[in-house]
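File shown: work34.txt. Contents: compact mmCIF, C-alpha atoms and all ligand atoms.
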```
# COMPACT_ATOMS: atom_id res chain seq x y z
CA MET A 486 0.00 0.00 0.00
CA SER A 487 1.37 3.41 -0.85
CA THR A 488 0.86 6.57 1.15
CA GLN A 489 -1.12 9.09 -0.82
CA ALA A 490 -3.25 12.13 -0.09
CA HIS A 491 -6.85 10.84 0.37
CA ASN A 492 -8.39 13.73 2.25
CA GLN A 493 -9.82 16.83 0.62
CA ASN A 494 -10.39 19.19 3.52
CA ILE A 495 -12.71 17.18 5.73
CA THR A 496 -15.40 19.32 7.39
CA LEU A 497 -18.21 18.65 9.85
CA THR A 498 -20.52 18.47 6.82
CA THR A 499 -18.38 15.65 5.38
CA LEU A 500 -18.68 13.71 8.66
CA GLN A 501 -22.43 14.32 8.88
CA LYS A 502 -22.82 12.98 5.30
CA ILE A 503 -20.84 9.86 6.22
CA LYS A 504 -23.20 9.26 9.16
CA LYS A 505 -26.27 9.77 6.94
CA ALA A 506 -24.92 7.34 4.35
CA ASN A 507 -24.39 4.72 7.09
CA GLN A 508 -20.67 4.66 6.39
CA LYS A 509 -17.70 4.95 8.76
CA PHE A 510 -14.79 7.34 9.26
CA ALA A 511 -11.46 6.92 11.00
CA CYS A 512 -9.92 9.13 13.69
CA LEU A 513 -6.47 8.95 15.25
CA THR A 514 -4.54 11.01 17.76
CA ALA A 515 -1.62 13.08 16.47
CA TYR A 516 0.73 15.33 18.36
CA ASP A 517 3.30 16.47 15.79
CA ALA A 518 3.67 17.54 12.15
CA CYS A 519 5.31 14.35 10.89
CA PHE A 520 2.65 11.92 12.15
CA ALA A 521 -0.12 14.38 11.22
CA ASN A 522 1.17 14.22 7.66
CA VAL A 523 1.43 10.41 7.62
CA ALA A 524 -2.01 9.87 9.22
CA SER A 525 -3.92 12.41 7.12
CA SER A 526 -2.21 11.12 3.96
CA ALA A 527 -3.27 7.58 4.94
CA GLY A 528 -6.93 8.66 4.91
CA VAL A 529 -7.61 9.43 8.58
CA GLU A 530 -10.51 11.90 8.52
CA VAL A 531 -10.11 13.37 12.04
CA LEU A 532 -6.82 14.04 13.83
CA LEU A 533 -7.30 14.45 17.58
CA VAL A 534 -4.67 16.43 19.44
CA GLY A 535 -5.61 14.60 22.62
CA ASP A 536 -4.63 15.34 26.18
CA SER A 537 -3.49 11.69 26.09
CA LEU A 538 -0.23 13.42 25.16
CA GLY A 539 0.25 13.76 28.92
CA MET A 540 0.54 9.97 29.12
CA VAL A 541 2.14 8.91 25.82
CA LEU A 542 4.49 11.88 25.25
CA GLN A 543 5.10 13.26 28.74
CA GLY A 544 5.02 9.97 30.70
CA HIS A 545 2.42 10.97 33.30
CA ASP A 546 0.00 8.36 34.68
CA SER A 547 -3.06 10.48 33.79
CA THR A 548 -4.05 13.40 31.54
CA LEU A 549 -4.47 15.78 34.49
CA PRO A 550 -1.09 17.58 34.29
CA VAL A 551 -1.64 18.70 30.66
CA THR A 552 -1.85 22.49 30.25
CA MET A 553 -3.27 24.86 27.63
CA LEU A 554 0.33 25.76 26.67
CA ASP A 555 1.01 22.09 25.90
CA MET A 556 -2.20 21.82 23.87
CA VAL A 557 -1.61 24.99 21.81
CA TYR A 558 1.97 23.94 21.02
CA HIS A 559 0.91 20.49 19.77
CA VAL A 560 -2.09 21.82 17.80
CA GLU A 561 0.27 24.21 15.97
CA CYS A 562 2.62 21.31 15.17
CA VAL A 563 -0.22 19.10 13.88
CA LYS A 564 -1.65 21.90 11.76
CA ARG A 565 1.69 22.29 9.93
CA GLY A 566 1.77 18.63 8.89
CA ASN A 567 -1.93 18.00 8.27
CA LYS A 568 -3.13 17.19 4.75
CA GLY A 569 -6.84 17.91 4.85
CA ALA A 570 -8.05 16.07 7.96
CA LEU A 571 -10.33 17.83 10.45
CA ILE A 572 -8.28 18.83 13.51
CA MET A 573 -9.95 18.27 16.89
CA ALA A 574 -8.26 19.42 20.10
CA ASP A 575 -8.90 18.64 23.75
CA LEU A 576 -9.69 21.35 26.25
CA PRO A 577 -7.49 19.99 29.07
CA PHE A 578 -8.37 19.43 32.72
CA MET A 579 -9.80 22.55 34.44
CA SER A 580 -9.56 24.68 31.29
CA TYR A 581 -13.37 24.99 30.98
CA ALA A 582 -14.34 25.60 34.60
CA SER A 583 -15.76 29.10 34.04
CA GLU A 584 -17.38 30.84 31.06
CA THR A 585 -14.56 33.31 30.46
CA GLN A 586 -11.90 30.65 30.80
CA THR A 587 -13.79 28.33 28.40
CA LEU A 588 -14.14 30.99 25.71
CA ASP A 589 -10.51 32.18 26.01
CA ASN A 590 -9.11 28.65 25.95
CA ALA A 591 -11.33 27.38 23.12
CA ALA A 592 -10.39 30.48 21.09
CA SER A 593 -6.68 29.74 21.68
CA LEU A 594 -7.09 26.20 20.33
CA ILE A 595 -9.00 27.46 17.29
CA ARG A 596 -6.37 30.17 16.62
CA ALA A 597 -3.67 27.49 16.85
CA GLY A 598 -5.40 25.48 14.10
CA ALA A 599 -8.09 23.30 15.68
CA GLN A 600 -11.47 23.18 13.94
CA ILE A 601 -13.42 21.61 16.80
CA VAL A 602 -12.78 21.38 20.54
CA LYS A 603 -13.48 18.34 22.72
CA LEU A 604 -14.58 18.48 26.34
CA GLU A 605 -15.40 15.72 28.80
CA GLY A 606 -18.60 15.35 30.81
CA GLY A 607 -22.33 14.72 30.80
CA ALA A 608 -25.22 17.02 31.63
CA TRP A 609 -22.91 19.44 33.46
CA ILE A 610 -21.20 20.45 30.17
CA ALA A 611 -24.52 21.21 28.43
CA ALA A 612 -24.35 24.95 29.23
CA THR A 613 -20.68 25.09 28.16
CA THR A 614 -21.51 23.30 24.91
CA LYS A 615 -24.30 25.82 24.22
CA LEU A 616 -22.00 28.74 25.05
CA LEU A 617 -19.37 27.56 22.57
CA ALA A 618 -21.84 26.54 19.86
CA GLU A 619 -23.60 29.93 19.97
CA ARG A 620 -20.22 31.61 19.43
CA GLY A 621 -19.38 29.49 16.40
CA ILE A 622 -17.02 27.01 18.01
CA PRO A 623 -17.85 23.38 17.16
CA VAL A 624 -17.92 20.93 20.09
CA CYS A 625 -17.27 17.22 20.52
CA ALA A 626 -18.69 15.98 23.82
CA HIS A 627 -16.70 13.10 25.37
CA MET A 628 -18.80 10.72 27.51
CA GLY A 629 -18.54 7.28 29.11
CA LEU A 630 -15.07 6.90 30.61
CA THR A 631 -13.87 10.49 31.00
CA PRO A 632 -10.16 10.33 31.94
CA GLN A 633 -10.10 13.89 33.38
CA SER A 634 -12.43 12.55 36.14
CA VAL A 635 -10.19 9.54 36.92
CA ASN A 636 -9.94 10.45 40.62
CA ARG A 637 -13.70 10.68 41.00
CA ILE A 638 -14.35 7.49 39.00
CA GLY A 639 -11.58 5.67 40.90
CA GLY A 640 -9.64 4.36 37.88
CA PHE A 641 -9.99 3.76 34.14
CA HIS A 642 -13.09 1.53 34.26
CA VAL A 643 -15.85 0.63 31.78
CA GLN A 644 -18.91 2.88 32.31
CA GLY A 645 -22.64 2.29 31.72
CA ARG A 646 -22.79 -1.39 32.61
CA ASP A 647 -25.85 -1.16 34.84
CA THR A 648 -29.23 -0.29 33.34
CA LYS A 649 -29.70 2.93 35.33
CA GLN A 650 -26.28 4.34 34.44
CA ALA A 651 -26.78 3.34 30.78
CA GLN A 652 -30.09 5.26 30.70
CA VAL A 653 -28.41 8.34 32.20
CA ILE A 654 -25.64 8.23 29.55
CA LEU A 655 -28.24 7.97 26.75
CA GLU A 656 -30.31 10.86 28.14
CA GLU A 657 -27.26 13.06 28.64
CA ALA A 658 -26.02 12.30 25.12
CA LEU A 659 -29.36 13.53 23.74
CA LEU A 660 -29.14 16.63 25.95
CA LEU A 661 -25.63 17.43 24.64
CA GLN A 662 -26.81 17.02 21.05
CA ASP A 663 -29.70 19.40 21.81
CA SER A 664 -27.24 21.84 23.41
CA GLY A 665 -25.33 22.08 20.12
CA ALA A 666 -22.66 19.36 20.21
CA ASN A 667 -21.58 18.45 16.66
CA ILE A 668 -19.97 15.12 17.55
CA LEU A 669 -20.22 12.71 20.47
CA LEU A 670 -17.28 10.56 21.58
CA LEU A 671 -17.97 7.46 23.68
CA GLU A 672 -15.12 5.81 25.58
CA CYS A 673 -15.24 2.36 27.19
CA ILE A 674 -18.93 1.53 27.35
CA PRO A 675 -20.76 -1.70 26.44
CA ARG A 676 -21.27 -2.32 22.74
CA THR A 677 -25.08 -2.46 22.98
CA LEU A 678 -25.26 0.90 24.75
CA ALA A 679 -22.98 2.52 22.14
CA ARG A 680 -25.18 1.12 19.35
CA ASN A 681 -28.33 2.40 21.04
CA ILE A 682 -26.86 5.90 21.47
CA THR A 683 -25.52 5.99 17.88
CA ASP A 684 -28.96 5.01 16.54
CA SER A 685 -30.69 7.60 18.74
CA LEU A 686 -28.51 10.55 17.73
CA GLU A 687 -28.37 12.54 14.49
CA ILE A 688 -24.77 13.65 15.01
CA PRO A 689 -21.82 11.33 14.28
CA VAL A 690 -20.63 9.19 17.20
CA ILE A 691 -16.95 8.27 17.59
CA GLY A 692 -16.12 5.25 19.72
CA ILE A 693 -13.09 3.90 21.57
CA GLY A 694 -13.69 0.69 23.48
CA ALA A 695 -17.37 1.09 22.51
CA GLY A 696 -17.74 -1.62 19.87
CA PRO A 697 -18.06 -1.56 16.08
CA ASP A 698 -21.47 0.10 15.69
CA THR A 699 -20.52 3.77 16.20
CA THR A 700 -20.12 6.05 13.16
CA ALA A 701 -16.36 6.22 13.66
CA GLN A 702 -13.49 4.80 15.68
CA ILE A 703 -10.61 6.56 17.37
CA MET A 704 -7.35 5.14 18.67
CA VAL A 705 -4.29 6.59 20.32
CA LEU A 706 -1.47 6.61 17.74
CA HIS A 707 0.96 4.86 20.10
CA ASP A 708 -1.57 2.02 20.61
CA VAL A 709 -1.97 1.50 16.84
CA LEU A 710 1.84 1.25 16.60
CA GLY A 711 2.14 -1.07 19.61
CA VAL A 712 4.48 1.18 21.61
CA SER A 713 2.23 2.07 24.57
CA PRO A 714 3.31 0.64 27.93
CA ILE A 715 -0.21 -0.72 28.63
CA THR A 716 -2.55 -2.54 26.23
CA PRO A 717 -6.23 -2.24 27.16
CA ARG A 718 -8.67 -4.79 25.70
CA PHE A 719 -9.90 -2.43 22.95
CA VAL A 720 -6.41 -1.82 21.50
CA LYS A 721 -5.02 -3.46 18.37
CA ASN A 722 -1.42 -3.19 17.17
CA PHE A 723 -1.68 -2.56 13.40
CA LEU A 724 2.09 -2.35 12.89
CA ALA A 725 2.72 -5.96 13.89
CA GLY A 726 2.99 -8.04 10.72
CA ASN A 727 2.51 -5.06 8.41
CA ASN A 728 5.10 -4.96 5.61
CA ASN A 729 4.62 -1.30 4.79
CA GLY A 730 5.87 0.26 7.98
CA ILE A 731 4.06 3.01 9.87
CA PRO A 732 2.17 4.45 6.84
CA GLY A 733 0.99 0.92 5.99
CA ALA A 734 -0.11 0.28 9.58
CA ILE A 735 -2.19 3.45 9.65
CA GLU A 736 -3.70 2.64 6.23
CA SER A 737 -4.65 -0.82 7.56
CA TYR A 738 -6.30 0.80 10.58
CA VAL A 739 -8.30 3.15 8.31
CA GLN A 740 -9.40 0.25 6.09
CA ALA A 741 -10.36 -1.88 9.11
CA VAL A 742 -12.50 0.93 10.53
CA LYS A 743 -14.22 1.66 7.21
CA SER A 744 -14.95 -2.02 6.55
CA ALA A 745 -16.12 -2.50 10.17
CA THR A 746 -13.63 -5.34 10.72
CA PHE A 747 -12.16 -3.36 13.64
CA PRO A 748 -13.08 -3.47 16.45
CA ALA A 749 -13.69 -7.23 16.53
CA ALA A 750 -15.54 -9.08 19.31
CA GLU A 751 -12.36 -9.45 21.38
CA HIS A 752 -11.97 -5.64 21.55
CA CYS A 753 -15.53 -5.00 22.87
CA PHE A 754 -17.06 -4.76 26.36
CA ASP A 755 -20.42 -6.33 27.33
O1 LIG A 801 -6.94 12.34 24.68
C1 LIG A 801 -7.24 11.42 23.90
O2 LIG A 801 -6.41 10.89 23.16
C2 LIG A 801 -8.63 10.97 23.87
C3 LIG A 801 -8.91 9.68 23.16
C4 LIG A 801 -8.52 8.54 24.00
C5 LIG A 801 -10.31 9.60 22.72
O3 LIG A 801 -9.48 11.59 24.43
```
Show the structure stored in the file as structure tokens.
Amino acid sequence: MSTQAHNQNITLTTLQKIKKANQKFACLTAYDACFANVASSAGVEVLLVGDSLGMVLQGHDSTLPVTMLDMVYHVECVKRGNKGALIMADLPFMSYASETQTLDNAASLIRAGAQIVKLEGGAWIAATTKLLAERGIPVCAHMGLTPQSVNRIGGFHVQGRDTKQAQVILEEALLLQDSGANILLLECIPRTLARNITDSLEIPVIGIGAGPDTTAQIMVLHDVLGVSPITPRFVKNFLAGNNNGIPGAIESYVQAVKSATFPAAEHCFD
């Protein structure tokens, strides 16, 4: 497989059309210009400058130490290498605690090159989502396992396993869509719940550890390349056994997402 430019300036409209057509798109984290170039050229539609950089680049045991300065720096790097993918950036821990702070920090990410910001939470981020949406800043709401709340959750555990919690997640997802979220991201929830939410929402749903039925999948780049120190159940190393190096591994990931062969049953939670 050769690396070639697949993406022609992906927009939210492109992603919405993919959802409507019952097709799939692929997302991957990127933190620098070189990998942004390789991933976008391999056909990844959404590059996430994730606060996972705190773990995979900086070596912390959570995303909590990541700052706005870190995020802006890495968004600028990714923007320089990107070939047409949509750039999403995380608002890091405690960067959206007040209205003024939210607007200033989201504006900094957009000025640095992000086209959509991602924030973690349920009903409590509805007002923040509305605030950003009304001011023209697209929002991805991240639900399920929300790593910025790791101390409250008590670890990186699957969410939504009991019926009551699953119902709350579904209701809050609908609320966030109504509040103006353009994309929903679901992390580590049972496959059936992710399918139910995806079917109930009009906006595209990205999953990680949420089964194969969401509109899109996302993985952390270092997991796709098999260099992360820990390997959760939902991770697959696409570099192992691939003869075309890193570009080939990322192309395989994109193809597997689009053909719904990844994630397989062994990567899902019940
Ligand atoms: O920060 C990140 O990389 C993320 C993904 C795990 C979805 O939020």
Within-6 Å residues of ligand LIG 801 (chain A), basis only C-alpha atoms and all ligand atoms, as number ranges by chain = A: 514, 535-537, 705
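Between CA of Ala626 in chain A and CA of Leu678 in chain A there is a distance of 16.5 Å.
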For CA of Ile572 in chain A and CA of His707 in chain A, determine how far apart the two atoms are, in Å to one decimal place.
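According to the coordinates, CA of Ile572 in chain A and CA of His707 in chain A are separated by 18.0 Å.
You can rank A:Asp517, A:Asp663, A:Asp698, A:Asp684 by their closest distance to Asp555 in chain A using all atoms listed in the file, and at the top of that list sits A:Asp517.
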Note to self: I'd like the neighbourhood of range 500-512 of chain A as a list in words, where a residue qualifies if any of its atoms comes within 6 Å (using all atoms listed in the file), though same-chain residues fewer than 2 positions away should be ignored.
What the structure shows: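 Residues near the query, excluding close chain neighbours: Leu497, Thr498, Val529, Glu530, Val531, Leu532, Pro689, Thr700, Ala701, Gln702, Ile703, Val739 and Lys743 of chain A.
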Any chance you could work out the axis-aligned box around range 544-555 of chain A, listed atoms only, 6 Å on each side, giving centre and edge lengths in Å to one decimal, as JSON?
```
{"center_x": 0.3, "center_y": 17.1, "center_z": 30.3, "size_x": 21.5, "size_y": 29.4, "size_z": 20.8}
```
If we count all atoms listed in the file, what is near range 598-605 of chain A at a cut-off of 8 Å, once residues fewer than 4 positions away on the same chain are taken out, given as JSON, numbers by chain? {"A": [560, 561, 564, 571, 572, 573, 574, 575, 576, 577, 591, 594, 610, 622, 623, 624, 625, 626, 627, 628, 631, 633]}
Could you dump the residues just selected with C-alpha atoms as a compact mmCIF listing (two decimals), keeping the file's coordinate frame?
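Contents of the output file again.txt:
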```
# COMPACT_ATOMS: atom_id res chain seq x y z
CA VAL A 560 -2.09 21.82 17.80
CA GLU A 561 0.27 24.21 15.97
CA LYS A 564 -1.65 21.90 11.76
CA LEU A 571 -10.33 17.83 10.45
CA ILE A 572 -8.28 18.83 13.51
CA MET A 573 -9.95 18.27 16.89
CA ALA A 574 -8.26 19.42 20.10
CA ASP A 575 -8.90 18.64 23.75
CA LEU A 576 -9.69 21.35 26.25
CA PRO A 577 -7.49 19.99 29.07
CA ALA A 591 -11.33 27.38 23.12
CA LEU A 594 -7.09 26.20 20.33
CA ILE A 610 -21.20 20.45 30.17
CA ILE A 622 -17.02 27.01 18.01
CA PRO A 623 -17.85 23.38 17.16
CA VAL A 624 -17.92 20.93 20.09
CA CYS A 625 -17.27 17.22 20.52
CA ALA A 626 -18.69 15.98 23.82
CA HIS A 627 -16.70 13.10 25.37
CA MET A 628 -18.80 10.72 27.51
CA THR A 631 -13.87 10.49 31.00
CA GLN A 633 -10.10 13.89 33.38
```
Expressed in Å, the length from CA of Val534 in chain A to CA of Thr552 in chain A is 12.7 Å
At a cut-off of 7 Å around the point (-7.2, 4.1, 8.6) (file coordinates), what residues fall inside when counting all atoms listed in the file? I'd like the answer as a CSV table (one decimal) with C-alpha atoms, in the frame of the given file.
```
chain,number,residue,atom,x,y,z
A,511,ALA,CA,-11.5,6.9,11.0
A,527,ALA,CA,-3.3,7.6,4.9
A,528,GLY,CA,-6.9,8.7,4.9
A,529,VAL,CA,-7.6,9.4,8.6
A,735,ILE,CA,-2.2,3.4,9.6
A,736,GLU,CA,-3.7,2.6,6.2
A,737,SER,CA,-4.6,-0.8,7.6
A,738,TYR,CA,-6.3,0.8,10.6
A,739,VAL,CA,-8.3,3.2,8.3
A,740,GLN,CA,-9.4,0.2,6.1
A,741,ALA,CA,-10.4,-1.9,9.1
A,742,VAL,CA,-12.5,0.9,10.5
```
Using all atoms listed in the file, which protein or nucleic acid residues come within 12 Å of Ile715 in chain A? Drop anything in the same chain fewer than 6 positions from it, and give the result as an mmCIF file with C-alpha atoms, in the frame of the given file.
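Written output follows (around_27.cif):
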```cif
data_model
loop_
_atom_site.group_PDB
_atom_site.id
_atom_site.type_symbol
_atom_site.label_atom_id
_atom_site.label_comp_id
_atom_site.auth_asym_id
_atom_site.auth_seq_id
_atom_site.Cartn_x
_atom_site.Cartn_y
_atom_site.Cartn_z
ATOM 1 C CA MET A 540 0.540 9.970 29.120
ATOM 2 C CA VAL A 541 2.140 8.910 25.820
ATOM 3 C CA ASP A 546 0.000 8.360 34.680
ATOM 4 C CA VAL A 705 -4.290 6.590 20.320
ATOM 5 C CA HIS A 707 0.960 4.860 20.100
ATOM 6 C CA ASP A 708 -1.570 2.020 20.610
ATOM 7 C CA LYS A 721 -5.020 -3.460 18.370
ATOM 8 C CA ASN A 722 -1.420 -3.190 17.170
#
```
task: Write out as a list in words which residues come within 12 Å of Gly733 in chain A when counting all atoms listed in the file, dropping same-chain ones fewer than 4 positions away.
output: Met486, Ser487, Thr488, Gln489, Val523, Ala524, Ser526, Ala527, Gly528, Val709, Leu710, Phe723, Leu724, Ala725, Gly726, Asn727, Asn728, Asn729, Ser737, Tyr738, Val739 and Gln740 of chain A
Check: Any idea what's packed within 9 Å of Phe520 in chain A, counting only C-alpha atoms, ignoring anything in its chain fewer than 6 positions away? Could you give it as a PyMOL selection string?
Finding: chain A and resi 563+566-567+706
I need the chosen residues saved as a compact mmCIF listing (two decimals), keeping the file's coordinate frame, with C-alpha atoms.
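Dumped everything to selection.txt:
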```txt
# COMPACT_ATOMS: atom_id res chain seq x y z
CA VAL A 563 -0.22 19.10 13.88
CA GLY A 566 1.77 18.63 8.89
CA ASN A 567 -1.93 18.00 8.27
CA LEU A 706 -1.47 6.61 17.74
```
With distances taken over all atoms listed in the file, the candidate from A:Ala679, A:Gly569, A:Thr613, A:Ala521 nearest Thr585 in chain A is A:Thr613
### Query
For Phe747 in chain A, which residue out of A:Val712, A:Val643, A:Leu554, A:Ile693 is the nearest one, using only C-alpha atoms?
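When distances to Phe747 in chain A are compared using only C-alpha atoms, the smallest one comes from A:Ile693.
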